[in-house]
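J.: Dropping the structure in here first, questions after.
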Amino acid sequence: MKEYDYVVVGSGIAGLSFALKAAANGTVAVVTKRGILDSNTAWAQGGVACVVSDEDSIDLHMRDTLSAGAGLCDTEAVHVVVSEGPARVAELIELGMHFDERSTPNGHTELDLGKEGGHSKRRVLHFQDATGMEIERTLVARAKEHPNISLLEFHMAVDFITTGKLGYAMQNACVGLYVLNEKTGLVETIRTDTTVLATGGCGKVYLYSTNPDIATGDGVAMAWRAGATISNMEFVQFHPTCLFHPQAKSFLISEAIRGEGGHLVDQKGRRFMAKYHPLQELAPRDIVARAIDAEMKRTGSKCVYIDVTHKPAEFIRSRFPTIHEKCRNLGIDITKEPIPVVPAAHYQCGGVKTDLHGATSLRGLYAIGEAACTGLHGANRLASNSLLEGLVLAHRAFEKTSRNRKPREEFELREWTPGQVQDVDEMVVIYHNWDEIRRLMWDYVGIVRTDKRLQRAATRLRNLHTEIQEFYWNFKITTDLLELRNLVAVASLIVDCAISRKESRGLHYTLDYPEADDAKFLRETTRRRT
């Protein structure tokens, strides 16, 4: 059995930010199921929304966040993240993060701020169109230098170890976890009093997603099985513009392109967003995604387009080098022709319910970043608020765990016992179930929903859950099997939460209840395993 003062599950901006701070107090293990650079953060193109300009204000950023959240944001959470964000971004810059700058007329330089949908001011700090990867590289470099941080790459968390499961008569608490060492195939036992969940989102529960393959909702599923409260899982954000091309997989076309003047057009080159919202291309994401979905259904087209050809070619190449290069390699010159795009699952606004220091309902377990639900995003996340939330909540979780430090409690943990299992003999079963879940979620639980579709999804997911559980208990565990087990759990949570919300609000839009109902549903949707 291994022991650490802190265990962080996930290696994105939230997890690594916490690890770097906690390492000053003790030993930290960062558990990540792929390489250390593989995270949702690394795929973030847009940037970090933060008030750094004299033309902006905390009040304006709060107002934009609350407006996007469609009445469900926690006002205190919004104030905390927005007001504490500038200090946390300054710390990130001190660690070595470089955001793009521009020259001013008086010969000085200042941060080059982008503008995205739902923002009333330019406030998005960025590094070209690959901000997340630059942040990831910065944090990983610092983590590798720290003697108190152990980076456990290719280790996948299986389940949390709780006092309830161990039979202790006390408030249920997380006291460790089981972790699959993917290189040896063995499950290791890790003991800690402080576990920080920072596993990102669940985009791969849908057939089309802007997320990397690792985004299988592992953290939410583990927390659910351990008995933690889960909140607002019906609010899955679909990014309006994922590249539509047979050779491209999950490639995001950043909202920053629309922020810099890109137009959404149909197959005939006609703009259409004015029909749906006065802000047109810069409307909140839920509105833009539904508008694109409606246009595609109305015209029978497979995609719409982003046209930025009216901008200078050199500006396009320098501001969006990653997107320009990716499209060029696929035969699309975005300086001369529009980019084909479709909506795709992008971000989970719900997650493991926490307070404003990342504490969950399970003692000893914290959740930060996309895996958590602090109340910041409400029913719809404002663009580029997620990286900011990761920084702020990592710091706040560190502060709380530092104040609560006590001598490590003594618990007798059970080693993992696989029992009489056999090697998986037919991987096709796993792949088939994975594909079925993702297609089912896309067809029945997508941008536009109905009660009938949701009930069909719930029925099939119950059957799939039974099949997958039987498979899990009878065969030796693998990363693929664990991800499938987590996917079906998260898919079920999304559907159950969606069924219970009999209204349309933010990212949850249903044809059966097209209007918001503040009298009954101006509240969180929570689930807890009993």
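Please note that chains go A, B, ... in the order of the structure tokens, that every chain numbers its residues from 1, and that ligands are numbered from 1 in the order shown.
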Set the distance at 12 Å and use only C-alpha atoms: which residues neighbour Ala24 of chain A once local chain neighbours fewer than 4 positions away are removed? I'd like the list as a compact mmCIF listing (two decimals) with C-alpha atoms, in the first residue's frame.
T.:
```txt
# COMPACT_ATOMS: atom_id res chain seq x y z
CA ASP A 5 -0.64 13.35 2.21
CA TYR A 6 -2.64 14.31 -0.87
CA PHE A 18 -3.64 22.28 -6.46
CA ALA A 19 -0.75 19.82 -6.50
CA LEU A 20 1.86 22.57 -6.85
CA VAL A 28 1.36 14.61 -3.43
CA ALA A 143 5.30 19.73 -11.26
CA HIS A 146 9.01 19.45 -7.40
CA PRO A 147 10.47 16.70 -5.18
CA ASN A 148 7.22 16.23 -3.26
CA ILE A 149 5.11 15.48 -6.34
CA PHE A 398 -5.61 24.20 -0.97
CA GLU A 399 -6.48 26.84 1.63
CA SER A 402 -4.21 23.43 4.79
```
J.: Do a neighbour search on Leu37 of chain A at 10 Å with only C-alpha atoms, toss out local chain neighbours closer than 6 positions, and write the hits as an MDAnalysis selection string.
T.: chainID A and resid 11:12 133 136:137 139:140 153
J.: Please save N, CA, C and O atoms of the selected residues as a compact mmCIF listing (two decimals), in the first residue's frame.
T.:
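Listed below is the output, result_4.txt:
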```
# COMPACT_ATOMS: atom_id res chain seq x y z
N SER A 11 -4.84 15.59 -14.29
CA SER A 11 -3.64 16.40 -14.48
C SER A 11 -3.89 17.63 -15.35
O SER A 11 -3.03 18.05 -16.10
N GLY A 12 -5.09 18.21 -15.23
CA GLY A 12 -5.39 19.45 -15.93
C GLY A 12 -5.05 20.67 -15.09
O GLY A 12 -4.34 20.57 -14.08
N MET A 133 -3.02 24.18 -24.02
CA MET A 133 -1.78 23.41 -24.11
C MET A 133 -0.61 24.18 -23.51
O MET A 133 0.26 23.60 -22.84
N GLU A 136 -0.92 23.93 -19.81
CA GLU A 136 -0.58 22.57 -19.39
C GLU A 136 0.94 22.39 -19.36
O GLU A 136 1.50 21.84 -18.39
N ARG A 137 1.61 22.83 -20.39
CA ARG A 137 3.08 22.70 -20.43
C ARG A 137 3.73 23.45 -19.28
O ARG A 137 4.69 22.97 -18.66
N LEU A 139 2.44 24.20 -16.26
CA LEU A 139 2.20 23.54 -14.98
C LEU A 139 2.93 22.21 -14.86
O LEU A 139 3.47 21.88 -13.80
N VAL A 140 2.97 21.46 -15.95
CA VAL A 140 3.67 20.16 -15.93
C VAL A 140 5.16 20.36 -15.68
O VAL A 140 5.78 19.61 -14.92
N GLU A 153 1.66 8.38 -14.04
CA GLU A 153 1.08 8.33 -15.37
C GLU A 153 0.62 6.90 -15.68
O GLU A 153 1.13 5.93 -15.14
```
J.: If we count only C-alpha atoms and set the cut-off at 10 Å, which residues sit around Ala458 of chain A, ignoring sequence neighbours fewer than 4 positions away in its own chain? Please answer as a short mmCIF file (atom, residue, chain, number, x, y, z; two decimals) with N, CA, C and O atoms, in the first residue's frame.
T.:
```cif
data_model
loop_
_atom_site.label_atom_id
_atom_site.label_comp_id
_atom_site.auth_asym_id
_atom_site.auth_seq_id
_atom_site.Cartn_x
_atom_site.Cartn_y
_atom_site.Cartn_z
N LEU A 440 -26.92 6.54 -28.59
CA LEU A 440 -28.18 6.72 -27.86
C LEU A 440 -28.25 8.13 -27.25
O LEU A 440 -29.28 8.82 -27.37
N MET A 441 -27.17 8.57 -26.62
CA MET A 441 -27.14 9.89 -26.01
C MET A 441 -27.25 10.99 -27.06
O MET A 441 -27.93 12.01 -26.85
N TYR A 444 -31.05 10.80 -28.46
CA TYR A 444 -32.17 10.99 -27.54
C TYR A 444 -31.95 12.07 -26.48
O TYR A 444 -32.90 12.55 -25.88
N VAL A 445 -30.70 12.44 -26.21
CA VAL A 445 -30.41 13.35 -25.10
C VAL A 445 -29.48 14.47 -25.59
O VAL A 445 -28.53 14.86 -24.91
N LYS A 452 -40.40 11.55 -24.46
CA LYS A 452 -40.40 10.21 -25.05
C LYS A 452 -38.97 9.75 -25.31
O LYS A 452 -38.60 8.60 -25.02
N ARG A 453 -38.15 10.63 -25.87
CA ARG A 453 -36.75 10.26 -26.15
C ARG A 453 -36.00 9.98 -24.84
O ARG A 453 -35.21 9.02 -24.76
N LEU A 454 -36.23 10.80 -23.84
CA LEU A 454 -35.53 10.61 -22.57
C LEU A 454 -35.93 9.30 -21.91
O LEU A 454 -35.07 8.59 -21.35
N ARG A 462 -30.64 1.44 -18.43
CA ARG A 462 -30.79 0.50 -17.31
C ARG A 462 -30.35 -0.90 -17.73
O ARG A 462 -29.66 -1.61 -16.98
N ASN A 463 -30.75 -1.31 -18.92
CA ASN A 463 -30.35 -2.63 -19.41
C ASN A 463 -28.85 -2.70 -19.65
O ASN A 463 -28.19 -3.70 -19.32
N LEU A 464 -28.31 -1.64 -20.24
CA LEU A 464 -26.87 -1.60 -20.49
C LEU A 464 -26.09 -1.64 -19.18
O LEU A 464 -25.04 -2.29 -19.09
N ALA A 491 -24.01 8.70 -18.16
CA ALA A 491 -25.13 8.84 -19.09
C ALA A 491 -26.45 8.73 -18.33
O ALA A 491 -27.39 9.50 -18.58
N SER A 492 -26.54 7.79 -17.41
CA SER A 492 -27.77 7.60 -16.63
C SER A 492 -28.05 8.83 -15.76
O SER A 492 -29.22 9.23 -15.62
N LEU A 493 -27.02 9.41 -15.18
CA LEU A 493 -27.21 10.62 -14.37
C LEU A 493 -27.72 11.78 -15.22
O LEU A 493 -28.62 12.53 -14.80
N ILE A 494 -27.17 11.95 -16.40
CA ILE A 494 -27.62 13.02 -17.30
C ILE A 494 -29.10 12.83 -17.63
O ILE A 494 -29.90 13.78 -17.56
N VAL A 495 -29.47 11.61 -17.99
CA VAL A 495 -30.85 11.33 -18.38
C VAL A 495 -31.80 11.50 -17.19
O VAL A 495 -32.87 12.13 -17.32
N ASP A 496 -31.45 10.97 -16.02
CA ASP A 496 -32.31 11.09 -14.85
C ASP A 496 -32.54 12.55 -14.46
O ASP A 496 -33.66 12.95 -14.12
N ILE A 499 -34.86 14.16 -17.12
CA ILE A 499 -36.26 13.76 -16.98
C ILE A 499 -36.96 14.56 -15.88
O ILE A 499 -38.14 14.92 -16.00
#
```
J.: Once DSSP has gone over the backbone, tell me which residues of segment 306-456 of chain A are in strand (DSSP E or B), as a tab-separated table (two decimals) with all heavy atoms, in the first residue's frame.
T.:
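Writing the result to selection_16.tsv gives the following:
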```tsv
chain	number	residue	atom	x	y	z
A	306	ILE	N	-18.47	28.72	-40.87
A	306	ILE	CA	-17.95	29.97	-40.32
A	306	ILE	C	-17.12	30.63	-41.41
A	306	ILE	O	-16.19	30.02	-41.95
A	306	ILE	CB	-17.07	29.73	-39.08
A	306	ILE	CG1	-17.90	29.22	-37.91
A	306	ILE	CG2	-16.37	31.02	-38.68
A	306	ILE	CD1	-17.09	28.99	-36.65
A	307	ASP	N	-17.46	31.86	-41.72
A	307	ASP	CA	-16.77	32.61	-42.77
A	307	ASP	C	-15.99	33.76	-42.14
A	307	ASP	O	-16.58	34.68	-41.57
A	307	ASP	CB	-17.78	33.14	-43.78
A	307	ASP	CG	-17.10	33.74	-45.02
A	307	ASP	OD1	-15.85	33.86	-45.01
A	307	ASP	OD2	-17.81	34.09	-45.96
A	339	ILE	N	-15.39	27.62	-43.19
A	339	ILE	CA	-15.07	26.39	-42.47
A	339	ILE	C	-16.36	25.62	-42.17
A	339	ILE	O	-17.27	26.16	-41.52
A	339	ILE	CB	-14.36	26.70	-41.14
A	339	ILE	CG1	-13.19	27.67	-41.35
A	339	ILE	CG2	-13.88	25.42	-40.47
A	339	ILE	CD1	-12.68	28.27	-40.05
A	340	PRO	N	-16.49	24.38	-42.60
A	340	PRO	CA	-17.70	23.60	-42.28
A	340	PRO	C	-17.71	23.20	-40.81
A	340	PRO	O	-16.72	22.67	-40.29
A	340	PRO	CB	-17.57	22.39	-43.19
A	340	PRO	CG	-16.10	22.24	-43.45
A	340	PRO	CD	-15.53	23.62	-43.43
A	341	VAL	N	-18.84	23.44	-40.12
A	341	VAL	CA	-18.91	23.16	-38.68
A	341	VAL	C	-20.27	22.57	-38.31
A	341	VAL	O	-21.27	22.78	-39.00
A	341	VAL	CB	-18.67	24.43	-37.83
A	341	VAL	CG1	-17.25	24.95	-38.00
A	341	VAL	CG2	-19.68	25.52	-38.18
A	342	VAL	N	-20.27	21.83	-37.19
A	342	VAL	CA	-21.49	21.29	-36.59
A	342	VAL	C	-21.36	21.41	-35.07
A	342	VAL	O	-20.25	21.48	-34.54
A	342	VAL	CB	-21.71	19.81	-36.96
A	342	VAL	CG1	-22.05	19.66	-38.42
A	342	VAL	CG2	-20.51	18.97	-36.57
A	343	PRO	N	-22.47	21.44	-34.34
A	343	PRO	CA	-22.38	21.41	-32.87
A	343	PRO	C	-21.87	20.07	-32.38
A	343	PRO	O	-22.05	19.04	-33.04
A	343	PRO	CB	-23.83	21.65	-32.43
A	343	PRO	CG	-24.52	22.23	-33.61
A	343	PRO	CD	-23.85	21.61	-34.80
A	344	ALA	N	-21.23	20.07	-31.22
A	344	ALA	CA	-20.74	18.83	-30.61
A	344	ALA	C	-20.67	19.01	-29.10
A	344	ALA	O	-20.47	20.13	-28.61
A	344	ALA	CB	-19.36	18.46	-31.16
A	345	ALA	N	-20.84	17.92	-28.36
A	345	ALA	CA	-20.77	17.98	-26.90
A	345	ALA	C	-19.42	18.54	-26.47
A	345	ALA	O	-18.38	18.15	-26.98
A	345	ALA	CB	-20.98	16.58	-26.31
A	346	HIS	N	-19.46	19.44	-25.50
A	346	HIS	CA	-18.24	20.20	-25.18
A	346	HIS	C	-17.92	20.27	-23.70
A	346	HIS	O	-16.77	20.11	-23.31
A	346	HIS	CB	-18.42	21.62	-25.74
A	346	HIS	CG	-17.22	22.50	-25.58
A	346	HIS	ND1	-15.99	22.21	-26.13
A	346	HIS	CD2	-17.07	23.69	-24.93
A	346	HIS	CE1	-15.14	23.18	-25.84
A	346	HIS	NE2	-15.76	24.08	-25.10
A	347	TYR	N	-18.91	20.55	-22.84
A	347	TYR	CA	-18.60	20.84	-21.43
A	347	TYR	C	-19.78	20.45	-20.55
A	347	TYR	O	-20.92	20.72	-20.88
A	347	TYR	CB	-18.32	22.33	-21.27
A	347	TYR	CG	-17.71	22.71	-19.94
A	347	TYR	CD1	-16.33	22.76	-19.78
A	347	TYR	CD2	-18.51	23.02	-18.85
A	347	TYR	CE1	-15.77	23.10	-18.55
A	347	TYR	CE2	-17.96	23.36	-17.63
A	347	TYR	CZ	-16.59	23.40	-17.49
A	347	TYR	OH	-16.03	23.72	-16.28
A	348	GLN	N	-19.48	19.81	-19.41
A	348	GLN	CA	-20.52	19.49	-18.44
A	348	GLN	C	-20.59	20.61	-17.41
A	348	GLN	O	-19.61	20.91	-16.73
A	348	GLN	CB	-20.29	18.14	-17.78
A	348	GLN	CG	-19.09	18.06	-16.85
A	348	GLN	CD	-18.99	16.75	-16.09
A	348	GLN	OE1	-19.15	15.69	-16.66
A	348	GLN	NE2	-18.70	16.84	-14.80
A	351	GLY	N	-21.92	18.36	-12.12
A	351	GLY	CA	-20.81	17.53	-11.63
A	351	GLY	C	-21.00	17.18	-10.17
A	351	GLY	O	-22.12	17.17	-9.65
A	352	VAL	N	-19.89	16.90	-9.50
A	352	VAL	CA	-19.93	16.58	-8.07
A	352	VAL	C	-20.18	17.87	-7.31
A	352	VAL	O	-19.42	18.83	-7.42
A	352	VAL	CB	-18.61	15.94	-7.61
A	352	VAL	CG1	-18.74	15.48	-6.15
A	352	VAL	CG2	-18.22	14.78	-8.51
A	353	LYS	N	-21.26	17.92	-6.55
A	353	LYS	CA	-21.62	19.15	-5.85
A	353	LYS	C	-20.59	19.46	-4.77
A	353	LYS	O	-20.23	18.60	-3.96
A	353	LYS	CB	-23.01	19.01	-5.22
A	353	LYS	CG	-23.50	20.28	-4.52
A	353	LYS	CD	-24.93	20.16	-4.07
A	353	LYS	CE	-25.37	21.36	-3.25
A	353	LYS	NZ	-25.16	22.64	-3.97
A	359	ALA	N	-15.05	21.24	-1.29
A	359	ALA	CA	-15.43	20.12	-0.44
A	359	ALA	C	-16.74	19.50	-0.92
A	359	ALA	O	-17.71	20.20	-1.19
A	359	ALA	CB	-15.57	20.56	1.01
A	363	ARG	N	-16.67	13.39	3.39
A	363	ARG	CA	-15.50	13.94	4.09
A	363	ARG	C	-14.20	13.39	3.50
A	363	ARG	O	-14.08	12.20	3.23
A	363	ARG	CB	-15.58	13.59	5.59
A	363	ARG	CG	-14.48	14.25	6.43
A	363	ARG	CD	-14.81	14.15	7.90
A	363	ARG	NE	-14.83	12.77	8.38
A	363	ARG	CZ	-13.75	12.16	8.90
A	363	ARG	NH1	-12.59	12.77	8.96
A	363	ARG	NH2	-13.87	10.92	9.34
A	365	LEU	N	-13.03	14.11	0.56
A	365	LEU	CA	-13.06	14.15	-0.91
A	365	LEU	C	-13.39	15.57	-1.37
A	365	LEU	O	-14.42	16.14	-0.96
A	365	LEU	CB	-14.10	13.17	-1.46
A	365	LEU	CG	-14.24	13.17	-2.99
A	365	LEU	CD1	-12.96	12.67	-3.66
A	365	LEU	CD2	-15.44	12.30	-3.42
A	366	TYR	N	-12.52	16.09	-2.21
A	366	TYR	CA	-12.72	17.41	-2.82
A	366	TYR	C	-12.85	17.22	-4.33
A	366	TYR	O	-12.31	16.27	-4.91
A	366	TYR	CB	-11.54	18.33	-2.50
A	366	TYR	CG	-11.41	18.65	-1.03
A	366	TYR	CD1	-10.89	17.73	-0.13
A	366	TYR	CD2	-11.83	19.88	-0.53
A	366	TYR	CE1	-10.79	18.02	1.22
A	366	TYR	CE2	-11.74	20.18	0.82
A	366	TYR	CZ	-11.21	19.24	1.69
A	366	TYR	OH	-11.12	19.54	3.02
A	367	ALA	N	-13.55	18.15	-4.96
A	367	ALA	CA	-13.67	18.13	-6.42
A	367	ALA	C	-13.50	19.54	-6.95
A	367	ALA	O	-14.06	20.50	-6.40
A	367	ALA	CB	-15.02	17.56	-6.85
A	372	ALA	N	-16.48	19.20	-11.02
A	372	ALA	CA	-17.22	19.73	-9.88
A	372	ALA	C	-18.36	20.63	-10.33
A	372	ALA	O	-18.39	21.14	-11.45
A	372	ALA	CB	-16.27	20.54	-8.99
A	373	CYS	N	-19.32	20.82	-9.44
A	373	CYS	CA	-20.40	21.77	-9.66
A	373	CYS	C	-20.44	22.73	-8.48
A	373	CYS	O	-20.95	22.40	-7.41
A	373	CYS	CB	-21.74	21.06	-9.81
A	373	CYS	SG	-23.13	22.16	-10.16
A	422	GLN	N	-11.54	-13.74	-15.29
A	422	GLN	CA	-10.75	-14.16	-16.43
A	422	GLN	C	-10.46	-12.97	-17.32
A	422	GLN	O	-11.10	-11.91	-17.21
A	422	GLN	CB	-11.51	-15.24	-17.21
A	422	GLN	CG	-12.92	-14.83	-17.62
A	422	GLN	CD	-13.70	-15.98	-18.21
A	422	GLN	OE1	-13.20	-16.67	-19.08
A	422	GLN	NE2	-14.93	-16.19	-17.73
A	449	ARG	N	-34.55	17.96	-26.75
A	449	ARG	CA	-35.01	16.74	-26.09
A	449	ARG	C	-36.53	16.66	-26.04
A	449	ARG	O	-37.22	17.66	-26.19
A	449	ARG	CB	-34.42	16.68	-24.67
A	449	ARG	CG	-32.91	16.74	-24.65
A	449	ARG	CD	-32.33	17.09	-23.30
A	449	ARG	NE	-30.88	17.10	-23.34
A	449	ARG	CZ	-30.09	17.44	-22.32
A	449	ARG	NH1	-30.62	17.80	-21.17
A	449	ARG	NH2	-28.79	17.42	-22.46
```
J.: I'd like the neighbourhood of Trp473 of chain A as a short mmCIF file (atom, residue, chain, number, x, y, z; two decimals) with N, CA and C atoms, in the first residue's frame, where a residue qualifies if any of its atoms comes within 12 Å (using only C-alpha atoms), though same-chain residues fewer than 6 positions away should be ignored.
T.:
```cif
data_model
loop_
_atom_site.label_atom_id
_atom_site.label_comp_id
_atom_site.auth_asym_id
_atom_site.auth_seq_id
_atom_site.Cartn_x
_atom_site.Cartn_y
_atom_site.Cartn_z
N THR A 417 -8.85 -7.42 -4.24
CA THR A 417 -8.90 -8.87 -4.51
C THR A 417 -9.73 -9.10 -5.77
N PRO A 418 -9.10 -9.53 -6.85
CA PRO A 418 -9.82 -9.68 -8.12
C PRO A 418 -10.79 -10.84 -8.16
N GLY A 419 -10.62 -11.81 -7.29
CA GLY A 419 -11.50 -12.97 -7.31
C GLY A 419 -11.23 -13.88 -8.50
N GLN A 420 -12.20 -14.71 -8.84
CA GLN A 420 -12.03 -15.69 -9.92
C GLN A 420 -12.46 -15.08 -11.26
N VAL A 421 -11.71 -14.08 -11.69
CA VAL A 421 -12.04 -13.43 -12.96
C VAL A 421 -11.13 -13.97 -14.06
N GLN A 422 -11.54 -13.74 -15.29
CA GLN A 422 -10.75 -14.16 -16.43
C GLN A 422 -10.46 -12.97 -17.32
N ASP A 423 -9.48 -13.10 -18.21
CA ASP A 423 -9.17 -12.04 -19.14
C ASP A 423 -10.36 -11.80 -20.07
N VAL A 424 -10.52 -10.53 -20.45
CA VAL A 424 -11.59 -10.18 -21.37
C VAL A 424 -11.36 -10.93 -22.68
N THR A 466 -26.88 -3.09 -16.41
CA THR A 466 -26.88 -4.47 -15.92
C THR A 466 -25.86 -5.32 -16.68
N GLU A 467 -25.85 -5.18 -18.00
CA GLU A 467 -24.91 -5.94 -18.83
C GLU A 467 -23.46 -5.59 -18.48
N LEU A 481 -12.65 -1.18 -20.01
CA LEU A 481 -13.81 -1.65 -19.25
C LEU A 481 -14.20 -0.63 -18.17
N LEU A 482 -13.20 -0.06 -17.50
CA LEU A 482 -13.49 0.95 -16.48
C LEU A 482 -14.15 2.18 -17.09
N ARG A 485 -17.77 1.38 -17.86
CA ARG A 485 -18.54 1.38 -16.61
C ARG A 485 -18.87 2.81 -16.17
#
```
J.: List as a list in words the protein and nucleic acid residues near Glu412 of chain A, meaning an atom at most 12 Å away when only C-alpha atoms are counted, but skip any in the same chain fewer than 3 places from it.
T.: Met1, Ile161, Thr162, Thr163, Lys165, Leu166, Gly167, Tyr168, Val175, Gly176, Thr189, Ile190, Arg191, Thr192, Glu409 and Glu415 of chain A
J.: When you count only C-alpha atoms, which of these residues is closest to Val48 of chain A: A:Gly390, A:Gly69, A:Gly118, A:Gly358?
T.: A:Gly390
J.: Please identify all polymer residues within 10 Å of Arg319 of chain A, counting only C-alpha atoms, omitting same-chain residues fewer than 2 positions from it, and present them as a list of chain:residue names.
T.: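 My reading of the contact set: A:Asp100, A:His126, A:Phe127, A:Gln128, A:Asp129, A:Ala256, A:Ile257, A:Glu260, A:Glu314, A:Phe315, A:Ile316, A:Arg317, A:Pro321, A:Thr322, A:Ile323, A:His324.
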J.: For Gly185 of chain A, please output as a PDB file with N, CA and C atoms, in the first residue's frame all residues within 10 Å (counting only C-alpha atoms; exclusion window: fewer than 4 positions along the same chain).
T.:
```pdb
ATOM      1  N   HIS A 155      -1.994   5.442 -14.809  1.00  0.00           N
ATOM      2  CA  HIS A 155      -2.653   4.858 -13.645  1.00  0.00           C
ATOM      3  C   HIS A 155      -4.099   5.363 -13.654  1.00  0.00           C
ATOM      4  N   LEU A 180      -5.672   1.327 -10.978  1.00  0.00           N
ATOM      5  CA  LEU A 180      -5.149   0.332 -11.914  1.00  0.00           C
ATOM      6  C   LEU A 180      -3.853   0.830 -12.523  1.00  0.00           C
ATOM      7  N   ASN A 181      -2.780   0.110 -12.299  1.00  0.00           N
ATOM      8  CA  ASN A 181      -1.512   0.387 -12.970  1.00  0.00           C
ATOM      9  C   ASN A 181      -1.609  -0.229 -14.365  1.00  0.00           C
ATOM     10  N   LYS A 476     -11.322  -9.585 -15.861  1.00  0.00           N
ATOM     11  CA  LYS A 476     -10.233  -8.771 -15.351  1.00  0.00           C
ATOM     12  C   LYS A 476     -10.391  -7.342 -15.844  1.00  0.00           C
ATOM     13  N   ILE A 477     -10.224  -6.381 -14.948  1.00  0.00           N
ATOM     14  CA  ILE A 477     -10.489  -4.996 -15.349  1.00  0.00           C
ATOM     15  C   ILE A 477      -9.374  -4.454 -16.249  1.00  0.00           C
ATOM     16  N   THR A 478      -9.792  -3.625 -17.170  1.00  0.00           N
ATOM     17  CA  THR A 478      -8.896  -2.905 -18.065  1.00  0.00           C
ATOM     18  C   THR A 478      -9.357  -1.455 -18.107  1.00  0.00           C
ATOM     19  N   THR A 479      -8.541  -0.587 -18.669  1.00  0.00           N
ATOM     20  CA  THR A 479      -8.931   0.815 -18.801  1.00  0.00           C
ATOM     21  C   THR A 479     -10.206   0.947 -19.624  1.00  0.00           C
TER      22      THR A 479
END
```
